[in-house]
>>> print(open('run_15.csv').read())   # CSV, C-alpha atoms and all ligand atoms
chain,number,residue,atom,x,y,z
M,1,MET,CA,0.9,-11.5,-30.8
M,2,PHE,CA,0.1,-10.9,-27.1
M,3,SER,CA,1.2,-7.7,-25.5
M,4,PRO,CA,3.6,-7.9,-22.5
M,5,GLY,CA,0.8,-6.4,-20.3
M,6,TYR,CA,-1.6,-9.2,-21.4
M,7,ILE,CA,0.9,-11.9,-20.6
M,8,LYS,CA,1.8,-10.3,-17.3
M,9,ASN,CA,-1.9,-10.0,-16.3
M,10,THR,CA,-2.6,-13.6,-17.4
M,11,ILE,CA,0.2,-14.9,-15.3
M,12,LYS,CA,-1.0,-12.9,-12.3
M,13,SER,CA,-4.5,-14.2,-12.7
M,14,LEU,CA,-3.2,-17.7,-12.4
M,15,ILE,CA,-1.7,-17.1,-9.0
M,16,PRO,CA,-4.2,-17.8,-6.2
M,17,ASP,CA,-5.7,-14.8,-4.3
M,18,SER,CA,-4.2,-16.2,-1.1
M,19,PHE,CA,-0.8,-15.4,-2.5
M,20,LEU,CA,-1.3,-12.2,-4.5
M,21,VAL,CA,-3.9,-9.6,-5.2
M,22,HIS,CA,-3.6,-6.5,-7.3
M,23,ARG,CA,-7.3,-5.6,-7.6
M,24,LEU,CA,-10.3,-6.2,-5.3
M,25,PRO,CA,-12.4,-9.2,-6.1
M,26,SER,CA,-15.8,-8.7,-7.8
M,27,SER,CA,-17.5,-9.2,-4.4
M,28,ALA,CA,-16.1,-5.8,-3.4
M,29,GLY,CA,-18.7,-4.0,-5.6
M,30,ASN,CA,-17.9,-0.3,-5.9
M,31,ALA,CA,-15.2,-0.3,-3.2
M,32,VAL,CA,-11.7,1.1,-3.7
M,33,ILE,CA,-8.8,0.8,-1.3
M,34,LEU,CA,-6.3,3.6,-0.7
M,35,THR,CA,-2.9,2.2,0.3
M,36,PHE,CA,0.0,4.3,1.7
M,37,ASP,CA,3.6,3.0,1.5
M,38,ASP,CA,6.9,4.1,3.0
M,39,GLY,CA,5.6,5.7,6.3
M,40,PRO,CA,5.1,6.4,9.0
M,41,ASP,CA,6.3,9.9,8.3
M,42,GLU,CA,6.5,12.6,10.9
M,43,LYS,CA,5.1,15.4,8.7
M,44,ILE,CA,2.9,13.8,6.0
M,45,THR,CA,1.2,10.9,7.8
M,46,PRO,CA,-0.7,13.0,10.4
M,47,ARG,CA,-2.0,15.2,7.6
M,48,ILE,CA,-3.3,12.2,5.7
M,49,LEU,CA,-4.8,10.7,8.9
M,50,GLU,CA,-6.8,13.9,9.3
M,51,GLN,CA,-8.1,13.8,5.8
M,52,LEU,CA,-9.1,10.2,6.1
M,53,GLU,CA,-10.9,10.9,9.3
M,54,GLU,CA,-12.8,13.8,7.7
M,55,TYR,CA,-14.1,11.6,4.9
M,56,ASN,CA,-14.5,8.5,7.1
M,57,VAL,CA,-12.1,6.5,5.0
M,58,HIS,CA,-10.3,3.4,6.2
M,59,ALA,CA,-7.0,2.8,4.4
M,60,VAL,CA,-4.1,0.4,4.5
M,61,PHE,CA,-0.7,1.6,5.6
M,62,PHE,CA,2.2,-0.5,4.4
M,63,VAL,CA,4.8,0.6,6.9
M,64,ILE,CA,8.5,0.3,6.9
M,65,GLY,CA,9.7,-1.3,10.2
M,66,GLU,CA,12.6,1.0,10.6
M,67,LYS,CA,10.3,4.0,10.4
M,68,VAL,CA,7.9,2.5,13.0
M,69,ALA,CA,10.9,2.3,15.3
M,70,MET,CA,11.8,5.9,14.4
M,71,PHE,CA,8.2,7.4,14.8
M,72,PRO,CA,6.4,5.2,17.2
M,73,ASN,CA,3.8,7.9,18.1
M,74,ILE,CA,2.8,8.4,14.5
M,75,PHE,CA,2.5,4.7,14.0
M,76,GLU,CA,0.3,4.6,17.1
M,77,MET,CA,-1.9,7.3,15.6
M,78,ILE,CA,-2.5,5.1,12.5
M,79,VAL,CA,-3.4,2.1,14.6
M,80,GLN,CA,-5.7,4.0,16.9
M,81,ARG,CA,-7.7,5.4,14.0
M,82,GLY,CA,-8.5,1.9,12.9
M,83,HIS,CA,-6.5,1.7,9.7
M,84,THR,CA,-5.1,-1.6,8.5
M,85,ILE,CA,-1.4,-2.1,8.9
M,86,GLY,CA,0.6,-4.0,6.3
M,87,ASN,CA,4.2,-5.1,6.2
M,88,HIS,CA,6.6,-3.2,3.8
M,89,THR,CA,9.8,-4.8,5.1
M,90,TYR,CA,12.0,-3.5,7.9
M,91,SER,CA,14.7,-1.7,5.9
M,92,HIS,CA,13.4,-1.1,2.4
M,93,HIS,CA,16.9,-0.4,1.4
M,94,TYR,CA,17.4,-2.5,-1.6
M,95,LYS,CA,16.7,-1.5,-5.2
M,96,LYS,CA,17.0,-5.1,-6.3
M,97,ILE,CA,16.1,-8.2,-4.5
M,98,PRO,CA,18.8,-9.3,-1.9
M,99,SER,CA,19.6,-12.9,-1.0
M,100,PHE,CA,16.4,-14.7,0.0
M,101,LYS,CA,17.8,-15.2,3.5
M,102,VAL,CA,18.1,-11.4,3.9
M,103,TYR,CA,14.8,-10.8,2.2
M,104,LEU,CA,13.0,-13.1,4.6
M,105,ARG,CA,14.7,-11.7,7.6
M,106,ASP,CA,13.6,-8.3,6.6
M,107,ILE,CA,10.0,-9.4,6.4
M,108,ILE,CA,10.1,-11.1,9.7
M,109,ARG,CA,11.7,-8.2,11.5
M,110,CYS,CA,8.9,-5.9,10.2
M,111,GLN,CA,6.3,-8.5,11.4
M,112,GLN,CA,8.0,-8.5,14.8
M,113,ILE,CA,8.0,-4.8,15.4
M,114,ILE,CA,4.4,-4.4,14.3
M,115,GLU,CA,3.3,-7.3,16.6
M,116,GLU,CA,5.3,-5.9,19.4
M,117,LYS,CA,3.4,-2.6,19.2
M,118,THR,CA,-0.1,-3.8,18.2
M,119,GLY,CA,-0.3,-7.3,19.5
M,120,ASN,CA,-1.1,-8.5,16.0
M,121,LYS,CA,0.8,-9.7,13.0
M,122,PRO,CA,-0.2,-8.1,9.7
M,123,ILE,CA,-1.5,-10.4,7.0
M,124,LEU,CA,-0.9,-8.1,4.1
M,125,TYR,CA,2.5,-7.5,2.5
M,126,ARG,CA,3.7,-5.1,-0.1
M,127,PRO,CA,7.2,-5.7,-1.5
M,128,PRO,CA,9.5,-2.7,-2.0
M,129,ALA,CA,9.0,-1.3,-5.5
M,130,GLY,CA,6.3,-3.9,-6.0
M,131,PHE,CA,9.0,-6.4,-7.1
M,132,ILE,CA,7.6,-10.0,-7.0
M,133,SER,CA,8.8,-13.4,-8.0
M,134,PRO,CA,7.5,-16.9,-7.2
M,135,ILE,CA,10.0,-17.0,-4.4
M,136,THR,CA,9.0,-13.6,-2.8
M,137,LEU,CA,5.4,-14.7,-2.9
M,138,LEU,CA,6.2,-18.0,-1.2
M,139,LEU,CA,8.5,-16.3,1.4
M,140,ALA,CA,5.7,-13.9,2.3
M,141,ARG,CA,3.2,-16.7,2.5
M,142,THR,CA,5.4,-18.6,4.9
M,143,GLN,CA,4.8,-15.7,7.3
M,144,GLY,CA,1.1,-15.7,6.8
M,145,LEU,CA,1.3,-12.8,4.4
M,146,LYS,CA,-0.7,-12.1,1.2
M,147,THR,CA,1.2,-9.9,-1.3
M,148,VAL,CA,-0.8,-6.9,-2.3
M,149,LEU,CA,0.2,-4.9,-5.5
M,150,TRP,CA,-2.0,-2.2,-7.0
M,151,SER,CA,-4.2,-1.4,-10.0
M,152,ASN,CA,-3.8,2.4,-10.0
M,153,GLU,CA,-1.3,4.8,-8.5
M,154,GLY,CA,-0.3,8.4,-8.1
M,155,GLY,CA,3.2,7.6,-9.3
M,156,GLU,CA,4.4,10.5,-7.3
M,157,TRP,CA,7.3,8.5,-6.1
M,158,GLY,CA,8.7,7.7,-9.5
M,159,VAL,CA,6.8,7.1,-12.7
M,160,ASN,CA,5.0,10.4,-12.5
M,161,LYS,CA,7.6,12.2,-10.4
M,162,GLN,CA,7.7,15.3,-12.7
M,163,ASP,CA,3.9,15.8,-12.5
M,164,THR,CA,2.2,18.3,-10.2
M,165,ALA,CA,-0.1,17.1,-7.5
M,166,SER,CA,-3.0,18.6,-9.5
M,167,THR,CA,-2.1,16.6,-12.7
M,168,ILE,CA,-1.8,13.4,-10.6
M,169,GLY,CA,-5.0,14.1,-8.8
M,170,ASN,CA,-6.9,14.7,-12.0
M,171,ARG,CA,-5.5,11.6,-13.6
M,172,LEU,CA,-6.6,9.5,-10.6
M,173,ILE,CA,-10.1,11.0,-10.7
M,174,ASN,CA,-10.4,10.2,-14.4
M,175,THR,CA,-9.0,6.7,-14.2
M,176,LEU,CA,-10.2,5.3,-10.9
M,177,GLN,CA,-12.5,2.4,-11.2
M,178,PRO,CA,-14.4,0.4,-8.6
M,179,ARG,CA,-12.3,-2.4,-7.1
M,180,ASP,CA,-9.1,-0.5,-7.7
M,181,ILE,CA,-6.2,-0.8,-5.1
M,182,VAL,CA,-4.6,2.7,-5.2
M,183,LEU,CA,-0.9,3.2,-4.3
M,184,LEU,CA,0.2,6.5,-2.8
M,185,HIS,CA,3.0,7.3,-0.4
M,186,ASP,CA,2.6,8.9,3.0
M,187,ASN,CA,6.1,10.3,2.9
M,188,ASN,CA,5.5,12.4,-0.2
M,189,GLU,CA,4.5,16.0,0.2
M,190,LYS,CA,2.3,16.0,-3.0
M,191,VAL,CA,0.0,13.3,-1.5
M,192,PRO,CA,-2.0,15.5,0.9
M,193,PHE,CA,-2.8,17.8,-2.1
M,194,ILE,CA,-3.7,14.8,-4.2
M,195,MET,CA,-6.0,13.5,-1.4
M,196,GLU,CA,-7.7,16.9,-1.2
M,197,MET,CA,-8.7,16.4,-4.8
M,198,ILE,CA,-9.6,12.8,-4.9
M,199,LEU,CA,-11.5,12.4,-1.7
M,200,PRO,CA,-14.5,14.7,-2.6
M,201,ALA,CA,-14.5,13.4,-6.2
M,202,LEU,CA,-14.8,9.8,-5.1
M,203,LYS,CA,-17.4,10.7,-2.5
M,204,ASN,CA,-19.5,12.3,-5.3
M,205,ARG,CA,-19.2,9.1,-7.2
M,206,SER,CA,-20.4,7.1,-4.1
M,207,ILE,CA,-17.2,5.0,-4.2
M,208,ASP,CA,-16.9,3.0,-0.9
M,209,LEU,CA,-13.6,3.9,0.6
M,210,GLN,CA,-14.3,2.2,3.9
M,211,HIS,CA,-15.0,-1.4,3.5
M,212,GLY,CA,-12.8,-2.6,0.6
M,213,VAL,CA,-10.1,-4.0,2.9
M,214,HIS,CA,-12.5,-6.7,4.1
M,215,ALA,CA,-12.5,-8.1,0.6
M,216,ILE,CA,-8.8,-9.0,0.8
M,217,CYS,CA,-8.4,-9.2,4.6
M,218,PRO,CA,-10.8,-11.8,5.8
M,301,ZN,ZN,8.1,1.4,-0.7
>>> encode(input="run_15.csv", output="C-alpha cells")
Amino acid sequence: MFSPGYIKNTIKSLIPDSFLVHRLPSSAGNAVILTFDDGPDEKITPRILEQLEEYNVHAVFFVIGEKVAMFPNIFEMIVQRGHTIGNHTYSHHYKKIPSFKVYLRDIIRCQQIIEEKTGNKPILYRPPAGFISPITLLLARTQGLKTVLWSNEGGEWGVNKQDTASTIGNRLINTLQPRDIVLLHDNNEKVPFIMEMILPALKNRSIDLQHGVHAICP
C-alpha cells in the first residue's frame, strides 16, 4: 500500500519543472532558498530585509498585489536590495479556488502592478495556501509563470501556529536540507525571531543562501 505522501510526491515528480517546483534541482548543490509570502508588510518586511542584508542572503518575496499598492515604499525596498519578486495573486482573499476566470484575473492583476513598478514581469508564482490543480498550473503557465511550492516551512501561519518562534526555529535548523525551498511569511511577527536563529545556523553549515534562486529562475 502506498502512502498518500508517496502518491502525491510521485504525481508532483511527473509534472515538468517548467510548470512546478517544490525543491531545488540537484544542480543547486548545497543551496537553499528562503521565500517570504503575504507581504510587503509595513513592520515586518523591513526587519527581514535588514537581516538578509546582514547575512548577504538573496530571497524570493511572493508579494500580494494589493499590499504592493498599499506599501509601495516597502515593495521598492525589496526590489532595490536585489531580491527576486514572485506573484502571490492580487487579492489573496479566497480560501478555496474561485472561478478560473477570477483566478486568472487575480494573477494577471498582480503581474501588472509588479511590472508597472519594476519594469519586469515575475516568472515565479506561488498560489495562495499552496493550492494547486492541473488548471491552476496551466493558468499560471499562460502568464509565463512557474508555480513554486516548498519543501520545508516555518508553519507560523497555520500548521505550527501554536509553536513559539524558538520551537519553529529549532525545528527548521534540525530539518533543513540542501535544496530546500523554505516557506516563511514576512507579515508574521515570529519570523524575524526565527530568522535570528536560522541565519547563523545555516551559515555555520555553509548552506548557500544566495544563489539557489538561479536554479529555478533561469
Ligand atoms: Zn499567502
>>> residues_around(input="run_15.csv", residues="segment 57-74 of chain M", least_positions_apart="4", cutoff="6 Å", atoms="all atoms listed in the file", output="PyMOL selection string")
chain M and resi 34-40+52+83-91+110+209-210
>>> atom_distance(input="run_15.csv", atom1="atom CA of Leu124 of chain M", atom2="atom CA of Val148 of chain M")
6.5 Å
>>> closest_residue(input="run_15.csv", among="M:Phe193, M:Ser26, M:Lys43, M:Arg179", to="Thr164 of chain M", atoms="all atoms listed in the file")
M:Phe193
>>> atom_distance(input="run_15.csv", atom1="atom CA of Arg141 of chain M", atom2="atom CA of Ile113 of chain M")
18.2 Å
>>> closest_residue(input="run_15.csv", among="M:Pro178, M:Ile123, M:His93, M:Glu189", to="ligand ZN 301 (chain M)", atoms="all atoms listed in the file")
M:His93
>>> atom_distance(input="run_15.csv", atom1="atom CA of Gly82 of chain M", atom2="atom CA of Glu115 of chain M")
15.4 Å
>>> residues_around(input="run_15.csv", residues="Arg171 of chain M", least_positions_apart="4", cutoff="10 Å", atoms="all atoms listed in the file", output="list in words")
Glu153, Gly154, Ala165, Ser166, Thr167, Thr175, Leu176 and Ile198 of chain M
>>> closest_residue(input="run_15.csv", among="M:Val21, M:Trp157, M:Phe75, M:Ile107", to="His185 of chain M", atoms="all atoms listed in the file")
M:Trp157
>>> closest_residue(input="run_15.csv", among="M:Asn187, M:Asn204, M:Asn174, M:Asn56", to="Ile44 of chain M", atoms="only C-alpha atoms")
M:Asn187
>>> residues_near_point(input="run_15.csv", point="(-6.2, 12.5, -7.7)", cutoff="7 Å", atoms="all atoms listed in the file", output="PDB file with C-alpha atoms, keeping the file's coordinate frame")
ATOM      1  CA  ILE M 168      -1.800  13.400 -10.600  1.00  0.00           C
ATOM      2  CA  GLY M 169      -5.000  14.100  -8.800  1.00  0.00           C
ATOM      3  CA  ASN M 170      -6.900  14.700 -12.000  1.00  0.00           C
ATOM      4  CA  ARG M 171      -5.500  11.600 -13.600  1.00  0.00           C
ATOM      5  CA  LEU M 172      -6.600   9.500 -10.600  1.00  0.00           C
ATOM      6  CA  ILE M 173     -10.100  11.000 -10.700  1.00  0.00           C
ATOM      7  CA  ILE M 194      -3.700  14.800  -4.200  1.00  0.00           C
ATOM      8  CA  MET M 195      -6.000  13.500  -1.400  1.00  0.00           C
ATOM      9  CA  MET M 197      -8.700  16.400  -4.800  1.00  0.00           C
ATOM     10  CA  ILE M 198      -9.600  12.800  -4.900  1.00  0.00           C
TER      11      ILE M 198
END
>>> build_atoms(input="run_15.csv", residues="segment 50-69 of chain M", atoms="N, CA, C and O atoms", output="PDB file, in the frame of the given file")
ATOM      1  N   GLU M  50      -5.733  12.969   9.159  1.00  0.00           N
ATOM      2  CA  GLU M  50      -6.800  13.900   9.300  1.00  0.00           C
ATOM      3  C   GLU M  50      -7.787  13.905   8.162  1.00  0.00           C
ATOM      4  O   GLU M  50      -9.003  13.937   8.330  1.00  0.00           O
ATOM      5  N   GLN M  51      -7.229  13.844   6.968  1.00  0.00           N
ATOM      6  CA  GLN M  51      -8.100  13.800   5.800  1.00  0.00           C
ATOM      7  C   GLN M  51      -8.930  12.558   5.720  1.00  0.00           C
ATOM      8  O   GLN M  51     -10.119  12.610   5.395  1.00  0.00           O
ATOM      9  N   LEU M  52      -8.324  11.437   6.076  1.00  0.00           N
ATOM     10  CA  LEU M  52      -9.100  10.200   6.100  1.00  0.00           C
ATOM     11  C   LEU M  52     -10.211  10.225   7.072  1.00  0.00           C
ATOM     12  O   LEU M  52     -11.326   9.771   6.805  1.00  0.00           O
ATOM     13  N   GLU M  53      -9.910  10.818   8.218  1.00  0.00           N
ATOM     14  CA  GLU M  53     -10.900  10.900   9.300  1.00  0.00           C
ATOM     15  C   GLU M  53     -12.099  11.796   8.799  1.00  0.00           C
ATOM     16  O   GLU M  53     -13.262  11.463   8.986  1.00  0.00           O
ATOM     17  N   GLU M  54     -11.751  12.912   8.184  1.00  0.00           N
ATOM     18  CA  GLU M  54     -12.800  13.800   7.700  1.00  0.00           C
ATOM     19  C   GLU M  54     -13.756  13.165   6.751  1.00  0.00           C
ATOM     20  O   GLU M  54     -14.959  13.435   6.758  1.00  0.00           O
ATOM     21  N   TYR M  55     -13.236  12.257   5.923  1.00  0.00           N
ATOM     22  CA  TYR M  55     -14.100  11.600   4.900  1.00  0.00           C
ATOM     23  C   TYR M  55     -14.488  10.170   5.362  1.00  0.00           C
ATOM     24  O   TYR M  55     -15.037   9.414   4.578  1.00  0.00           O
ATOM     25  N   ASN M  56     -14.179   9.839   6.603  1.00  0.00           N
ATOM     26  CA  ASN M  56     -14.500   8.500   7.100  1.00  0.00           C
ATOM     27  C   ASN M  56     -14.031   7.386   6.254  1.00  0.00           C
ATOM     28  O   ASN M  56     -14.773   6.482   5.877  1.00  0.00           O
ATOM     29  N   VAL M  57     -12.764   7.474   5.916  1.00  0.00           N
ATOM     30  CA  VAL M  57     -12.100   6.500   5.000  1.00  0.00           C
ATOM     31  C   VAL M  57     -11.202   5.592   5.836  1.00  0.00           C
ATOM     32  O   VAL M  57     -10.449   6.087   6.678  1.00  0.00           O
ATOM     33  N   HIS M  58     -11.252   4.280   5.556  1.00  0.00           N
ATOM     34  CA  HIS M  58     -10.300   3.400   6.200  1.00  0.00           C
ATOM     35  C   HIS M  58      -9.289   2.916   5.090  1.00  0.00           C
ATOM     36  O   HIS M  58      -9.682   2.423   4.044  1.00  0.00           O
ATOM     37  N   ALA M  59      -8.030   3.114   5.377  1.00  0.00           N
ATOM     38  CA  ALA M  59      -7.000   2.800   4.400  1.00  0.00           C
ATOM     39  C   ALA M  59      -6.057   1.735   4.922  1.00  0.00           C
ATOM     40  O   ALA M  59      -6.186   1.280   6.057  1.00  0.00           O
ATOM     41  N   VAL M  60      -5.128   1.323   4.058  1.00  0.00           N
ATOM     42  CA  VAL M  60      -4.100   0.400   4.500  1.00  0.00           C
ATOM     43  C   VAL M  60      -2.753   1.117   4.437  1.00  0.00           C
ATOM     44  O   VAL M  60      -2.425   1.755   3.431  1.00  0.00           O
ATOM     45  N   PHE M  61      -2.013   1.031   5.526  1.00  0.00           N
ATOM     46  CA  PHE M  61      -0.700   1.600   5.600  1.00  0.00           C
ATOM     47  C   PHE M  61       0.363   0.515   5.573  1.00  0.00           C
ATOM     48  O   PHE M  61       0.445  -0.266   6.530  1.00  0.00           O
ATOM     49  N   PHE M  62       1.116   0.452   4.477  1.00  0.00           N
ATOM     50  CA  PHE M  62       2.200  -0.500   4.400  1.00  0.00           C
ATOM     51  C   PHE M  62       3.452   0.170   4.970  1.00  0.00           C
ATOM     52  O   PHE M  62       4.097   0.975   4.290  1.00  0.00           O
ATOM     53  N   VAL M  63       3.734  -0.148   6.221  1.00  0.00           N
ATOM     54  CA  VAL M  63       4.800   0.600   6.900  1.00  0.00           C
ATOM     55  C   VAL M  63       6.141  -0.077   6.814  1.00  0.00           C
ATOM     56  O   VAL M  63       6.247  -1.288   6.656  1.00  0.00           O
ATOM     57  N   ILE M  64       7.165   0.759   6.911  1.00  0.00           N
ATOM     58  CA  ILE M  64       8.500   0.300   6.900  1.00  0.00           C
ATOM     59  C   ILE M  64       8.931   0.146   8.429  1.00  0.00           C
ATOM     60  O   ILE M  64       8.789   1.103   9.205  1.00  0.00           O
ATOM     61  N   GLY M  65       9.398  -1.058   8.812  1.00  0.00           N
ATOM     62  CA  GLY M  65       9.700  -1.300  10.200  1.00  0.00           C
ATOM     63  C   GLY M  65      10.623  -0.304  10.859  1.00  0.00           C
ATOM     64  O   GLY M  65      10.398   0.166  11.986  1.00  0.00           O
ATOM     65  N   GLU M  66      11.640   0.062  10.118  1.00  0.00           N
ATOM     66  CA  GLU M  66      12.600   1.000  10.600  1.00  0.00           C
ATOM     67  C   GLU M  66      11.951   2.364  10.963  1.00  0.00           C
ATOM     68  O   GLU M  66      12.315   3.022  11.938  1.00  0.00           O
ATOM     69  N   LYS M  67      10.971   2.761  10.190  1.00  0.00           N
ATOM     70  CA  LYS M  67      10.300   4.000  10.400  1.00  0.00           C
ATOM     71  C   LYS M  67       9.290   3.891  11.606  1.00  0.00           C
ATOM     72  O   LYS M  67       9.005   4.867  12.293  1.00  0.00           O
ATOM     73  N   VAL M  68       8.775   2.695  11.788  1.00  0.00           N
ATOM     74  CA  VAL M  68       7.900   2.500  13.000  1.00  0.00           C
ATOM     75  C   VAL M  68       8.759   2.669  14.219  1.00  0.00           C
ATOM     76  O   VAL M  68       8.317   3.311  15.175  1.00  0.00           O
ATOM     77  N   ALA M  69       9.996   2.169  14.169  1.00  0.00           N
ATOM     78  CA  ALA M  69      10.900   2.300  15.300  1.00  0.00           C
ATOM     79  C   ALA M  69      11.261   3.814  15.498  1.00  0.00           C
ATOM     80  O   ALA M  69      11.402   4.302  16.624  1.00  0.00           O
TER      81      ALA M  69
END
